[in-house]
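With PDB, C-alpha atoms and all ligand atoms inside, this is start02.pdb:
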```pdb
ATOM      1  CA  ARG A   1     -32.843 121.268  98.397  1.00  0.00           C
ATOM      2  CA  PRO A   2     -30.820 118.064  98.529  1.00  0.00           C
ATOM      3  CA  ASN A   3     -28.920 116.764  95.501  1.00  0.00           C
ATOM      4  CA  LYS A   4     -30.887 113.707  94.362  1.00  0.00           C
ATOM      5  CA  LEU A   5     -27.801 112.287  92.699  1.00  0.00           C
ATOM      6  CA  LYS A   6     -26.053 112.030  96.048  1.00  0.00           C
ATOM      7  CA  GLN A   7     -29.031 110.089  97.384  1.00  0.00           C
ATOM      8  CA  LEU A   8     -28.848 107.717  94.409  1.00  0.00           C
ATOM      9  CA  PHE A   9     -25.126 107.174  94.930  1.00  0.00           C
ATOM     10  CA  ALA A  10     -25.649 106.543  98.644  1.00  0.00           C
ATOM     11  CA  ALA A  11     -28.200 103.878  97.672  1.00  0.00           C
ATOM     12  CA  LYS A  12     -25.632 102.335  95.262  1.00  0.00           C
ATOM     13  CA  GLN A  13     -27.777 103.132  92.244  1.00  0.00           C
ATOM     14  CA  THR A  14     -26.486 104.221  88.870  1.00  0.00           C
ATOM     15  CA  ALA A  15     -27.382 107.752  87.832  1.00  0.00           C
ATOM     16  CA  ILE A  16     -28.394 108.165  84.198  1.00  0.00           C
ATOM     17  CA  GLY A  17     -27.405 111.454  82.629  1.00  0.00           C
ATOM     18  CA  GLY A  18     -28.613 113.522  79.730  1.00  0.00           C
ATOM     19  CA  TRP A  19     -26.302 116.058  78.108  1.00  0.00           C
ATOM     20  CA  CYS A  20     -27.141 119.355  76.435  1.00  0.00           C
ATOM     21  CA  ALA A  21     -25.170 120.705  73.503  1.00  0.00           C
ATOM     22  CA  ILE A  22     -28.029 122.712  71.971  1.00  0.00           C
ATOM     23  CA  PRO A  23     -27.910 126.259  73.395  1.00  0.00           C
ATOM     24  CA  ASP A  24     -31.600 126.554  74.122  1.00  0.00           C
ATOM     25  CA  SER A  25     -33.764 126.551  77.251  1.00  0.00           C
ATOM     26  CA  TYR A  26     -36.598 124.642  75.585  1.00  0.00           C
ATOM     27  CA  ALA A  27     -34.235 121.871  74.492  1.00  0.00           C
ATOM     28  CA  ALA A  28     -32.911 121.700  78.066  1.00  0.00           C
ATOM     29  CA  GLU A  29     -36.451 121.617  79.436  1.00  0.00           C
ATOM     30  CA  VAL A  30     -37.345 118.732  77.121  1.00  0.00           C
ATOM     31  CA  MET A  31     -34.220 116.827  78.206  1.00  0.00           C
ATOM     32  CA  GLY A  32     -35.092 117.518  81.843  1.00  0.00           C
ATOM     33  CA  HIS A  33     -38.496 115.885  81.383  1.00  0.00           C
ATOM     34  CA  CYS A  34     -37.125 112.676  79.823  1.00  0.00           C
ATOM     35  CA  GLY A  35     -36.515 110.834  83.092  1.00  0.00           C
ATOM     36  CA  TYR A  36     -32.760 111.405  83.359  1.00  0.00           C
ATOM     37  CA  ASP A  37     -31.493 111.699  86.937  1.00  0.00           C
ATOM     38  CA  THR A  38     -29.317 114.619  85.878  1.00  0.00           C
ATOM     39  CA  VAL A  39     -28.781 116.733  82.790  1.00  0.00           C
ATOM     40  CA  VAL A  40     -25.403 118.341  82.118  1.00  0.00           C
ATOM     41  CA  VAL A  41     -25.155 121.672  80.270  1.00  0.00           C
ATOM     42  CA  ASP A  42     -21.945 121.491  78.231  1.00  0.00           C
ATOM     43  CA  LEU A  43     -19.910 124.697  77.926  1.00  0.00           C
ATOM     44  CA  GLN A  44     -16.756 122.985  76.673  1.00  0.00           C
ATOM     45  CA  HIS A  45     -17.808 121.656  73.284  1.00  0.00           C
ATOM     46  CA  GLY A  46     -20.598 123.026  71.141  1.00  0.00           C
ATOM     47  CA  PRO A  47     -22.223 126.449  70.996  1.00  0.00           C
ATOM     48  CA  ILE A  48     -23.267 126.941  74.657  1.00  0.00           C
ATOM     49  CA  TYR A  49     -21.680 129.999  76.307  1.00  0.00           C
ATOM     50  CA  LEU A  50     -22.389 131.375  79.790  1.00  0.00           C
ATOM     51  CA  ASP A  51     -25.277 133.594  78.653  1.00  0.00           C
ATOM     52  CA  ALA A  52     -27.094 130.582  77.200  1.00  0.00           C
ATOM     53  CA  ALA A  53     -26.326 128.393  80.223  1.00  0.00           C
ATOM     54  CA  LEU A  54     -28.398 130.487  82.653  1.00  0.00           C
ATOM     55  CA  PRO A  55     -31.830 129.962  81.007  1.00  0.00           C
ATOM     56  CA  MET A  56     -30.933 126.306  80.452  1.00  0.00           C
ATOM     57  CA  LEU A  57     -30.235 125.816  84.161  1.00  0.00           C
ATOM     58  CA  GLN A  58     -33.488 127.662  84.929  1.00  0.00           C
ATOM     59  CA  ALA A  59     -35.375 125.310  82.595  1.00  0.00           C
ATOM     60  CA  LEU A  60     -33.748 122.247  84.166  1.00  0.00           C
ATOM     61  CA  SER A  61     -34.657 123.383  87.642  1.00  0.00           C
ATOM     62  CA  SER A  62     -38.338 123.146  86.659  1.00  0.00           C
ATOM     63  CA  THR A  63     -37.808 119.374  86.190  1.00  0.00           C
ATOM     64  CA  ASP A  64     -36.778 116.419  88.371  1.00  0.00           C
ATOM     65  CA  ALA A  65     -33.305 116.206  86.770  1.00  0.00           C
ATOM     66  CA  THR A  66     -30.435 117.558  88.872  1.00  0.00           C
ATOM     67  CA  PRO A  67     -28.831 120.406  86.890  1.00  0.00           C
ATOM     68  CA  MET A  68     -25.077 120.115  86.353  1.00  0.00           C
ATOM     69  CA  ALA A  69     -22.664 121.820  83.976  1.00  0.00           C
ATOM     70  CA  ARG A  70     -19.420 121.001  82.222  1.00  0.00           C
ATOM     71  CA  CYS A  71     -17.234 124.081  82.404  1.00  0.00           C
ATOM     72  CA  SER A  72     -15.195 125.054  79.363  1.00  0.00           C
ATOM     73  CA  ALA A  73     -11.945 124.756  81.348  1.00  0.00           C
ATOM     74  CA  ASN A  74     -10.714 124.552  84.928  1.00  0.00           C
ATOM     75  CA  ASN A  75     -11.515 128.232  85.416  1.00  0.00           C
ATOM     76  CA  PHE A  76     -12.363 129.520  88.896  1.00  0.00           C
ATOM     77  CA  PHE A  77     -14.572 132.359  87.661  1.00  0.00           C
ATOM     78  CA  GLU A  78     -16.571 130.294  85.195  1.00  0.00           C
ATOM     79  CA  ILE A  79     -17.089 127.526  87.763  1.00  0.00           C
ATOM     80  CA  ASN A  80     -18.262 130.126  90.312  1.00  0.00           C
ATOM     81  CA  LYS A  81     -20.670 131.627  87.751  1.00  0.00           C
ATOM     82  CA  LEU A  82     -22.164 128.219  86.946  1.00  0.00           C
ATOM     83  CA  LEU A  83     -22.591 127.296  90.607  1.00  0.00           C
ATOM     84  CA  ASP A  84     -24.124 130.701  91.358  1.00  0.00           C
ATOM     85  CA  ALA A  85     -26.484 130.080  88.445  1.00  0.00           C
ATOM     86  CA  GLY A  86     -27.765 126.965  90.225  1.00  0.00           C
ATOM     87  CA  ALA A  87     -25.648 124.085  88.908  1.00  0.00           C
ATOM     88  CA  TYR A  88     -25.513 121.295  91.493  1.00  0.00           C
ATOM     89  CA  GLY A  89     -22.409 119.743  89.989  1.00  0.00           C
ATOM     90  CA  ILE A  90     -19.396 120.634  87.862  1.00  0.00           C
ATOM     91  CA  VAL A  91     -17.791 118.296  85.344  1.00  0.00           C
ATOM     92  CA  CYS A  92     -14.344 119.702  84.599  1.00  0.00           C
ATOM     93  CA  PRO A  93     -12.552 118.685  81.397  1.00  0.00           C
ATOM     94  CA  MET A  94      -8.891 117.795  80.927  1.00  0.00           C
ATOM     95  CA  ILE A  95      -7.752 117.302  84.527  1.00  0.00           C
ATOM     96  CA  ASP A  96      -4.042 116.479  84.275  1.00  0.00           C
ATOM     97  CA  SER A  97      -2.853 116.345  87.857  1.00  0.00           C
ATOM     98  CA  ALA A  98      -3.773 116.317  91.539  1.00  0.00           C
ATOM     99  CA  ASP A  99      -3.125 120.078  91.563  1.00  0.00           C
ATOM    100  CA  ASP A 100      -5.693 120.536  88.787  1.00  0.00           C
ATOM    101  CA  ALA A 101      -8.199 118.467  90.746  1.00  0.00           C
ATOM    102  CA  ARG A 102      -7.499 120.431  93.935  1.00  0.00           C
ATOM    103  CA  ALA A 103      -8.143 123.702  92.065  1.00  0.00           C
ATOM    104  CA  LEU A 104     -11.451 122.322  90.801  1.00  0.00           C
ATOM    105  CA  VAL A 105     -12.537 121.203  94.276  1.00  0.00           C
ATOM    106  CA  SER A 106     -11.467 124.531  95.767  1.00  0.00           C
ATOM    107  CA  ALA A 107     -13.584 126.486  93.251  1.00  0.00           C
ATOM    108  CA  CYS A 108     -16.602 124.346  94.200  1.00  0.00           C
ATOM    109  CA  ARG A 109     -16.323 124.747  98.016  1.00  0.00           C
ATOM    110  CA  TYR A 110     -16.834 127.732 100.292  1.00  0.00           C
ATOM    111  CA  PRO A 111     -14.129 128.468 102.870  1.00  0.00           C
ATOM    112  CA  PRO A 112     -12.633 126.969 104.865  1.00  0.00           C
ATOM    113  CA  ALA A 113     -12.867 123.851 102.644  1.00  0.00           C
ATOM    114  CA  GLY A 114     -12.188 125.837  99.475  1.00  0.00           C
ATOM    115  CA  THR A 115     -12.054 129.292  97.932  1.00  0.00           C
ATOM    116  CA  ARG A 116     -15.459 129.683  96.284  1.00  0.00           C
ATOM    117  CA  SER A 117     -16.632 133.275  96.477  1.00  0.00           C
ATOM    118  CA  PHE A 118     -19.990 134.036  98.067  1.00  0.00           C
ATOM    119  CA  GLY A 119     -22.896 135.277  95.960  1.00  0.00           C
ATOM    120  CA  PRO A 120     -25.191 132.365  95.074  1.00  0.00           C
ATOM    121  CA  THR A 121     -27.737 134.443  93.151  1.00  0.00           C
ATOM    122  CA  ARG A 122     -29.756 131.558  91.678  1.00  0.00           C
ATOM    123  CA  GLY A 123     -28.225 129.067  94.107  1.00  0.00           C
ATOM    124  CA  PHE A 124     -30.607 130.457  96.722  1.00  0.00           C
ATOM    125  CA  LEU A 125     -33.604 130.170  94.397  1.00  0.00           C
ATOM    126  CA  TYR A 126     -32.905 126.582  93.378  1.00  0.00           C
ATOM    127  CA  GLY A 127     -31.217 125.385  96.561  1.00  0.00           C
ATOM    128  CA  GLY A 128     -33.295 127.284  99.113  1.00  0.00           C
ATOM    129  CA  ALA A 129     -32.607 129.823 101.847  1.00  0.00           C
ATOM    130  CA  ASP A 130     -30.268 127.347 103.590  1.00  0.00           C
ATOM    131  CA  TYR A 131     -28.113 127.011 100.450  1.00  0.00           C
ATOM    132  CA  PHE A 132     -24.926 128.153 102.149  1.00  0.00           C
ATOM    133  CA  ALA A 133     -25.263 125.660 105.015  1.00  0.00           C
ATOM    134  CA  HIS A 134     -25.386 122.718 102.611  1.00  0.00           C
ATOM    135  CA  ALA A 135     -23.612 123.827  99.433  1.00  0.00           C
ATOM    136  CA  ASN A 136     -20.253 122.205 100.196  1.00  0.00           C
ATOM    137  CA  ASP A 137     -21.955 118.839 100.724  1.00  0.00           C
ATOM    138  CA  THR A 138     -24.409 119.262  97.879  1.00  0.00           C
ATOM    139  CA  ILE A 139     -22.280 120.280  94.908  1.00  0.00           C
ATOM    140  CA  LEU A 140     -20.628 117.406  93.039  1.00  0.00           C
ATOM    141  CA  ALA A 141     -17.114 117.947  91.655  1.00  0.00           C
ATOM    142  CA  TRP A 142     -16.149 115.605  88.796  1.00  0.00           C
ATOM    143  CA  ALA A 143     -12.627 115.537  87.363  1.00  0.00           C
ATOM    144  CA  MET A 144     -12.498 114.377  83.766  1.00  0.00           C
ATOM    145  CA  ILE A 145      -9.864 111.761  83.002  1.00  0.00           C
ATOM    146  CA  GLU A 146      -9.138 112.063  79.297  1.00  0.00           C
ATOM    147  CA  THR A 147      -5.526 113.123  78.787  1.00  0.00           C
ATOM    148  CA  PRO A 148      -2.198 111.235  78.836  1.00  0.00           C
ATOM    149  CA  ARG A 149      -1.150 113.091  81.995  1.00  0.00           C
ATOM    150  CA  GLY A 150      -4.525 112.535  83.607  1.00  0.00           C
ATOM    151  CA  LEU A 151      -4.148 108.813  83.052  1.00  0.00           C
ATOM    152  CA  GLU A 152      -0.571 108.898  84.324  1.00  0.00           C
ATOM    153  CA  ASN A 153      -1.679 110.761  87.484  1.00  0.00           C
ATOM    154  CA  LEU A 154      -4.914 108.837  87.928  1.00  0.00           C
ATOM    155  CA  ASP A 155      -4.196 107.540  91.437  1.00  0.00           C
ATOM    156  CA  ALA A 156      -3.056 110.960  92.704  1.00  0.00           C
ATOM    157  CA  ILE A 157      -6.177 112.596  91.215  1.00  0.00           C
ATOM    158  CA  CYS A 158      -8.440 109.968  92.806  1.00  0.00           C
ATOM    159  CA  ALA A 159      -6.796 110.657  96.170  1.00  0.00           C
ATOM    160  CA  VAL A 160      -7.703 114.373  96.171  1.00  0.00           C
ATOM    161  CA  GLU A 161      -9.771 115.215  99.223  1.00  0.00           C
ATOM    162  CA  GLY A 162     -13.194 116.608  98.499  1.00  0.00           C
ATOM    163  CA  LEU A 163     -13.295 115.387  94.916  1.00  0.00           C
ATOM    164  CA  ASP A 164     -16.517 113.413  94.429  1.00  0.00           C
ATOM    165  CA  GLY A 165     -15.623 111.471  91.364  1.00  0.00           C
ATOM    166  CA  VAL A 166     -13.769 111.042  88.130  1.00  0.00           C
ATOM    167  CA  PHE A 167     -15.572 111.222  84.810  1.00  0.00           C
ATOM    168  CA  VAL A 168     -14.268 109.608  81.643  1.00  0.00           C
ATOM    169  CA  GLY A 169     -14.272 111.411  78.313  1.00  0.00           C
ATOM    170  CA  PRO A 170     -13.857 108.367  76.075  1.00  0.00           C
ATOM    171  CA  SER A 171     -13.082 110.285  72.884  1.00  0.00           C
ATOM    172  CA  ASP A 172     -10.218 112.342  74.273  1.00  0.00           C
ATOM    173  CA  LEU A 173      -9.092 109.307  76.262  1.00  0.00           C
ATOM    174  CA  SER A 174      -8.947 107.339  73.000  1.00  0.00           C
ATOM    175  CA  LEU A 175      -6.764 110.073  71.491  1.00  0.00           C
ATOM    176  CA  ALA A 176      -4.593 109.930  74.615  1.00  0.00           C
ATOM    177  CA  LEU A 177      -4.170 106.212  73.960  1.00  0.00           C
ATOM    178  CA  GLY A 178      -3.287 106.758  70.307  1.00  0.00           C
ATOM    179  CA  VAL A 179      -6.519 105.404  68.813  1.00  0.00           C
ATOM    180  CA  SER A 180      -9.511 106.882  66.946  1.00  0.00           C
ATOM    181  CA  PRO A 181     -11.800 109.233  68.932  1.00  0.00           C
ATOM    182  CA  ALA A 182     -14.899 107.237  67.945  1.00  0.00           C
ATOM    183  CA  PRO A 183     -14.607 105.263  71.159  1.00  0.00           C
ATOM    184  CA  GLU A 184     -14.193 101.496  70.793  1.00  0.00           C
ATOM    185  CA  TRP A 185     -15.019 100.736  74.392  1.00  0.00           C
ATOM    186  CA  ARG A 186     -15.002  96.954  73.975  1.00  0.00           C
ATOM    187  CA  LYS A 187     -11.438  96.851  72.631  1.00  0.00           C
ATOM    188  CA  PRO A 188      -8.012  97.501  74.143  1.00  0.00           C
ATOM    189  CA  PRO A 189      -6.464  99.877  74.765  1.00  0.00           C
ATOM    190  CA  LEU A 190      -9.670 101.767  75.705  1.00  0.00           C
ATOM    191  CA  SER A 191     -11.345  98.818  77.475  1.00  0.00           C
ATOM    192  CA  ASP A 192      -8.276  98.334  79.680  1.00  0.00           C
ATOM    193  CA  ALA A 193      -8.115 102.045  80.519  1.00  0.00           C
ATOM    194  CA  LEU A 194     -11.803 102.120  81.461  1.00  0.00           C
ATOM    195  CA  ALA A 195     -11.356  99.148  83.804  1.00  0.00           C
ATOM    196  CA  ARG A 196      -8.304 100.795  85.327  1.00  0.00           C
ATOM    197  CA  ILE A 197     -10.086 104.117  85.914  1.00  0.00           C
ATOM    198  CA  LEU A 198     -13.131 102.402  87.439  1.00  0.00           C
ATOM    199  CA  ALA A 199     -10.938 100.361  89.806  1.00  0.00           C
ATOM    200  CA  ALA A 200      -8.818 103.374  90.783  1.00  0.00           C
ATOM    201  CA  ALA A 201     -11.882 105.501  91.538  1.00  0.00           C
ATOM    202  CA  HIS A 202     -13.615 102.866  93.627  1.00  0.00           C
ATOM    203  CA  GLY A 203     -10.365 101.893  95.325  1.00  0.00           C
ATOM    204  CA  ALA A 204     -10.028 105.500  96.495  1.00  0.00           C
ATOM    205  CA  GLY A 205     -13.662 105.689  97.602  1.00  0.00           C
ATOM    206  CA  LYS A 206     -14.615 107.960  94.698  1.00  0.00           C
ATOM    207  CA  LEU A 207     -17.450 107.796  92.191  1.00  0.00           C
ATOM    208  CA  ALA A 208     -16.862 106.867  88.565  1.00  0.00           C
ATOM    209  CA  GLY A 209     -18.779 108.423  85.697  1.00  0.00           C
ATOM    210  CA  ILE A 210     -18.510 108.169  81.937  1.00  0.00           C
ATOM    211  CA  PHE A 211     -19.835 109.898  78.832  1.00  0.00           C
ATOM    212  CA  CYS A 212     -21.249 107.263  76.510  1.00  0.00           C
ATOM    213  CA  VAL A 213     -22.154 107.929  72.911  1.00  0.00           C
ATOM    214  CA  SER A 214     -24.903 105.320  72.631  1.00  0.00           C
ATOM    215  CA  VAL A 215     -27.424 103.301  74.591  1.00  0.00           C
ATOM    216  CA  GLU A 216     -25.340 100.099  74.151  1.00  0.00           C
ATOM    217  CA  PHE A 217     -22.251 101.798  75.532  1.00  0.00           C
ATOM    218  CA  ALA A 218     -24.175 103.225  78.504  1.00  0.00           C
ATOM    219  CA  VAL A 219     -25.883  99.910  79.326  1.00  0.00           C
ATOM    220  CA  GLU A 220     -22.516  98.125  79.316  1.00  0.00           C
ATOM    221  CA  MET A 221     -20.836 100.758  81.498  1.00  0.00           C
ATOM    222  CA  LYS A 222     -23.721 100.565  83.971  1.00  0.00           C
ATOM    223  CA  ALA A 223     -23.276  96.782  84.108  1.00  0.00           C
ATOM    224  CA  ALA A 224     -19.506  97.239  84.539  1.00  0.00           C
ATOM    225  CA  GLY A 225     -20.151  99.230  87.710  1.00  0.00           C
ATOM    226  CA  PHE A 226     -19.933 102.895  86.736  1.00  0.00           C
ATOM    227  CA  ASP A 227     -21.974 105.046  89.134  1.00  0.00           C
ATOM    228  CA  PHE A 228     -22.949 107.637  86.537  1.00  0.00           C
ATOM    229  CA  VAL A 229     -23.468 107.019  82.832  1.00  0.00           C
ATOM    230  CA  VAL A 230     -24.349 109.691  80.297  1.00  0.00           C
ATOM    231  CA  HIS A 231     -26.514 108.424  77.437  1.00  0.00           C
ATOM    232  CA  ALA A 232     -25.445 110.855  74.671  1.00  0.00           C
ATOM    233  CA  ASN A 233     -25.918 114.534  73.886  1.00  0.00           C
ATOM    234  CA  ASP A 234     -29.206 116.057  72.773  1.00  0.00           C
ATOM    235  CA  ALA A 235     -27.954 117.001  69.300  1.00  0.00           C
ATOM    236  CA  SER A 236     -26.825 113.449  68.522  1.00  0.00           C
ATOM    237  CA  ILE A 237     -30.046 111.953  69.907  1.00  0.00           C
ATOM    238  CA  LEU A 238     -32.049 114.353  67.708  1.00  0.00           C
ATOM    239  CA  ARG A 239     -29.926 113.593  64.662  1.00  0.00           C
ATOM    240  CA  GLU A 240     -30.163 109.825  65.093  1.00  0.00           C
ATOM    241  CA  ALA A 241     -33.917 109.834  65.653  1.00  0.00           C
ATOM    242  CA  ALA A 242     -34.483 112.124  62.671  1.00  0.00           C
ATOM    243  CA  GLN A 243     -32.232 110.075  60.386  1.00  0.00           C
ATOM    244  CA  ARG A 244     -33.939 106.850  61.470  1.00  0.00           C
ATOM    245  CA  GLY A 245     -37.336 108.411  60.702  1.00  0.00           C
ATOM    246  CA  VAL A 246     -36.335 109.675  57.266  1.00  0.00           C
ATOM    247  CA  LYS A 247     -34.825 106.313  56.362  1.00  0.00           C
ATOM    248  CA  ALA A 248     -37.938 104.410  57.476  1.00  0.00           C
ATOM    249  CA  ILE A 249     -40.283 106.722  55.559  1.00  0.00           C
ATOM    250  CA  ARG A 250     -38.192 106.571  52.375  1.00  0.00           C
ATOM    251  CA  GLY A 251     -38.398 102.803  52.578  1.00  0.00           C
TER     252      GLY A 251
HETATM  253  C1  LIG B 301     -14.772 112.979  75.492  1.00  0.00           C
HETATM  254  O1  LIG B 301     -15.235 111.892  75.108  1.00  0.00           O
HETATM  255  O2  LIG B 301     -13.599 113.325  75.332  1.00  0.00           O
HETATM  256  C2  LIG B 301     -15.659 113.908  76.155  1.00  0.00           C
HETATM  257  O3  LIG B 301     -15.195 114.906  76.658  1.00  0.00           O
HETATM  258  C3  LIG B 301     -17.123 113.594  76.193  1.00  0.00           C
HETATM  259  O4  LIG B 301     -17.903 114.713  76.169  1.00  0.00           O
HETATM  260 MG    MG B 302     -13.259 115.340  76.055  1.00  0.00          MG
END
```

Turn this file's structure into structure tokens for me.
Ligand code: 3PY
Ligand code: MG
Amino acid sequence: RPNKLKQLFAAKQTAIGGWCAIPDSYAAEVMGHCGYDTVVVDLQHGPIYLDAALPMLQALSSTDATPMARCSANNFFEINKLLDAGAYGIVCPMIDSADDARALVSACRYPPAGTRSFGPTRGFLYGGADYFAHANDTILAWAMIETPRGLENLDAICAVEGLDGVFVGPSDLSLALGVSPAPEWRKPPLSDALARILAAAHGAGKLAGIFCVSVEFAVEMKAAGFDFVVHANDASILREAAQRGVKAIRG
């Protein structure tokens, strides 16, 4: 089955992402039915480990949202496991260099383009019997730019062949810039870094994505030209809605 995100990007449309931090298949299923173009299962931060990721990817594949995952690190075996489990994209945290980005791309591509090992257990079920023929063109590889070295090596990372896009982690990027991790996206130095990353990605013919922590942030990044904006994670959306409700009822 084709990756709907790639079709959106080809049509120059912005993909809107949901993000799962709650380690539960029902929570993922609910997120998948909210209208997001993709939902990312996050194994880096929060309580989701590989065993929880499988039923979450299964739940997402019963919805229209393209299932993707953020790996916990740039780890070949974990990336292979997530792809075999049916993820159609990998968001990899803390990419510092072109070598890091090349390792990520290699883990996501079957030979000769890369070194991914063959055994797409759920890949076949979600992707179809022709999974192998299309996997290298279907799977999206996103390198997160969020460290001082990543920022320093931005142009070299954007030039890596086979990398689909860069993805900004605004909280770690803020720390890299010496400011508070509650991202102040409208103010320098973060605003300048975001503009620089967007320009570098598009200049190299790559996609640009960003994790936003609010609707306002996501709307502004969409307007700025990011190809992929993540709204917020499920736990924070739940918390905000619940707090708003309690406050309104208390009066
Ligand atoms: C960051 O903001 O650093 C992230 O990784 C978002 O999840
Ligand atoms: Mg981060």

Report as a PDB file with C-alpha atoms, keeping the file's coordinate frame the full result of the PyMOL selection byres (((not hetatm)) within 9 of (chain B and resi 302)) when it is applied to this structure.
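File expr_4.pdb, as written:
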```pdb
ATOM      1  CA  GLN A  44     -16.756 122.985  76.673  1.00  0.00           C
ATOM      2  CA  HIS A  45     -17.808 121.656  73.284  1.00  0.00           C
ATOM      3  CA  PRO A  93     -12.552 118.685  81.397  1.00  0.00           C
ATOM      4  CA  MET A  94      -8.891 117.795  80.927  1.00  0.00           C
ATOM      5  CA  MET A 144     -12.498 114.377  83.766  1.00  0.00           C
ATOM      6  CA  ILE A 145      -9.864 111.761  83.002  1.00  0.00           C
ATOM      7  CA  GLU A 146      -9.138 112.063  79.297  1.00  0.00           C
ATOM      8  CA  THR A 147      -5.526 113.123  78.787  1.00  0.00           C
ATOM      9  CA  VAL A 168     -14.268 109.608  81.643  1.00  0.00           C
ATOM     10  CA  GLY A 169     -14.272 111.411  78.313  1.00  0.00           C
ATOM     11  CA  PRO A 170     -13.857 108.367  76.075  1.00  0.00           C
ATOM     12  CA  SER A 171     -13.082 110.285  72.884  1.00  0.00           C
ATOM     13  CA  ASP A 172     -10.218 112.342  74.273  1.00  0.00           C
ATOM     14  CA  LEU A 173      -9.092 109.307  76.262  1.00  0.00           C
ATOM     15  CA  PHE A 211     -19.835 109.898  78.832  1.00  0.00           C
TER      16      PHE A 211
END
```

Given 12 Å and all atoms listed in the file, residues near ligand LIG 301 (chain B) as JSON, numbers by chain: {"A": [17, 18, 19, 20, 21, 40, 41, 42, 43, 44, 45, 46, 69, 70, 71, 72, 73, 91, 92, 93, 94, 95, 143, 144, 145, 146, 147, 167, 168, 169, 170, 171, 172, 173, 174, 175, 176, 177, 180, 181, 182, 183, 184, 185, 190, 209, 210, 211, 212, 213, 214, 229, 230, 231, 232, 233, 234, 236]}

Nearest residue to Ile157 (chain A) from the set A:Ala242, A:Leu50, A:Asp130, A:Ala200 (distances using only C-alpha atoms): A:Ala200

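Between CA of Lys81 (chain A) and CA of Val166 (chain A) the interatomic distance comes to 21.7 Å.
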
At a cut-off of 12 Å from (-10.8, 121.7, 95.0) in the coordinates of the file, what residues are picked up using all atoms listed in the file, written as a PDB file with C-alpha atoms, in the coordinates of the input?
```
ATOM      1  CA  ASN A  74     -10.714 124.552  84.928  1.00  0.00           C
ATOM      2  CA  ASN A  75     -11.515 128.232  85.416  1.00  0.00           C
ATOM      3  CA  PHE A  76     -12.363 129.520  88.896  1.00  0.00           C
ATOM      4  CA  ILE A  79     -17.089 127.526  87.763  1.00  0.00           C
ATOM      5  CA  ILE A  90     -19.396 120.634  87.862  1.00  0.00           C
ATOM      6  CA  CYS A  92     -14.344 119.702  84.599  1.00  0.00           C
ATOM      7  CA  ILE A  95      -7.752 117.302  84.527  1.00  0.00           C
ATOM      8  CA  SER A  97      -2.853 116.345  87.857  1.00  0.00           C
ATOM      9  CA  ALA A  98      -3.773 116.317  91.539  1.00  0.00           C
ATOM     10  CA  ASP A  99      -3.125 120.078  91.563  1.00  0.00           C
ATOM     11  CA  ASP A 100      -5.693 120.536  88.787  1.00  0.00           C
ATOM     12  CA  ALA A 101      -8.199 118.467  90.746  1.00  0.00           C
ATOM     13  CA  ARG A 102      -7.499 120.431  93.935  1.00  0.00           C
ATOM     14  CA  ALA A 103      -8.143 123.702  92.065  1.00  0.00           C
ATOM     15  CA  LEU A 104     -11.451 122.322  90.801  1.00  0.00           C
ATOM     16  CA  VAL A 105     -12.537 121.203  94.276  1.00  0.00           C
ATOM     17  CA  SER A 106     -11.467 124.531  95.767  1.00  0.00           C
ATOM     18  CA  ALA A 107     -13.584 126.486  93.251  1.00  0.00           C
ATOM     19  CA  CYS A 108     -16.602 124.346  94.200  1.00  0.00           C
ATOM     20  CA  ARG A 109     -16.323 124.747  98.016  1.00  0.00           C
ATOM     21  CA  TYR A 110     -16.834 127.732 100.292  1.00  0.00           C
ATOM     22  CA  PRO A 111     -14.129 128.468 102.870  1.00  0.00           C
ATOM     23  CA  PRO A 112     -12.633 126.969 104.865  1.00  0.00           C
ATOM     24  CA  ALA A 113     -12.867 123.851 102.644  1.00  0.00           C
ATOM     25  CA  GLY A 114     -12.188 125.837  99.475  1.00  0.00           C
ATOM     26  CA  THR A 115     -12.054 129.292  97.932  1.00  0.00           C
ATOM     27  CA  ARG A 116     -15.459 129.683  96.284  1.00  0.00           C
ATOM     28  CA  ASN A 136     -20.253 122.205 100.196  1.00  0.00           C
ATOM     29  CA  ILE A 139     -22.280 120.280  94.908  1.00  0.00           C
ATOM     30  CA  LEU A 140     -20.628 117.406  93.039  1.00  0.00           C
ATOM     31  CA  ALA A 141     -17.114 117.947  91.655  1.00  0.00           C
ATOM     32  CA  TRP A 142     -16.149 115.605  88.796  1.00  0.00           C
ATOM     33  CA  ALA A 143     -12.627 115.537  87.363  1.00  0.00           C
ATOM     34  CA  ILE A 157      -6.177 112.596  91.215  1.00  0.00           C
ATOM     35  CA  ALA A 159      -6.796 110.657  96.170  1.00  0.00           C
ATOM     36  CA  VAL A 160      -7.703 114.373  96.171  1.00  0.00           C
ATOM     37  CA  GLU A 161      -9.771 115.215  99.223  1.00  0.00           C
ATOM     38  CA  GLY A 162     -13.194 116.608  98.499  1.00  0.00           C
ATOM     39  CA  LEU A 163     -13.295 115.387  94.916  1.00  0.00           C
ATOM     40  CA  ASP A 164     -16.517 113.413  94.429  1.00  0.00           C
ATOM     41  CA  GLY A 165     -15.623 111.471  91.364  1.00  0.00           C
TER      42      GLY A 165
END
```
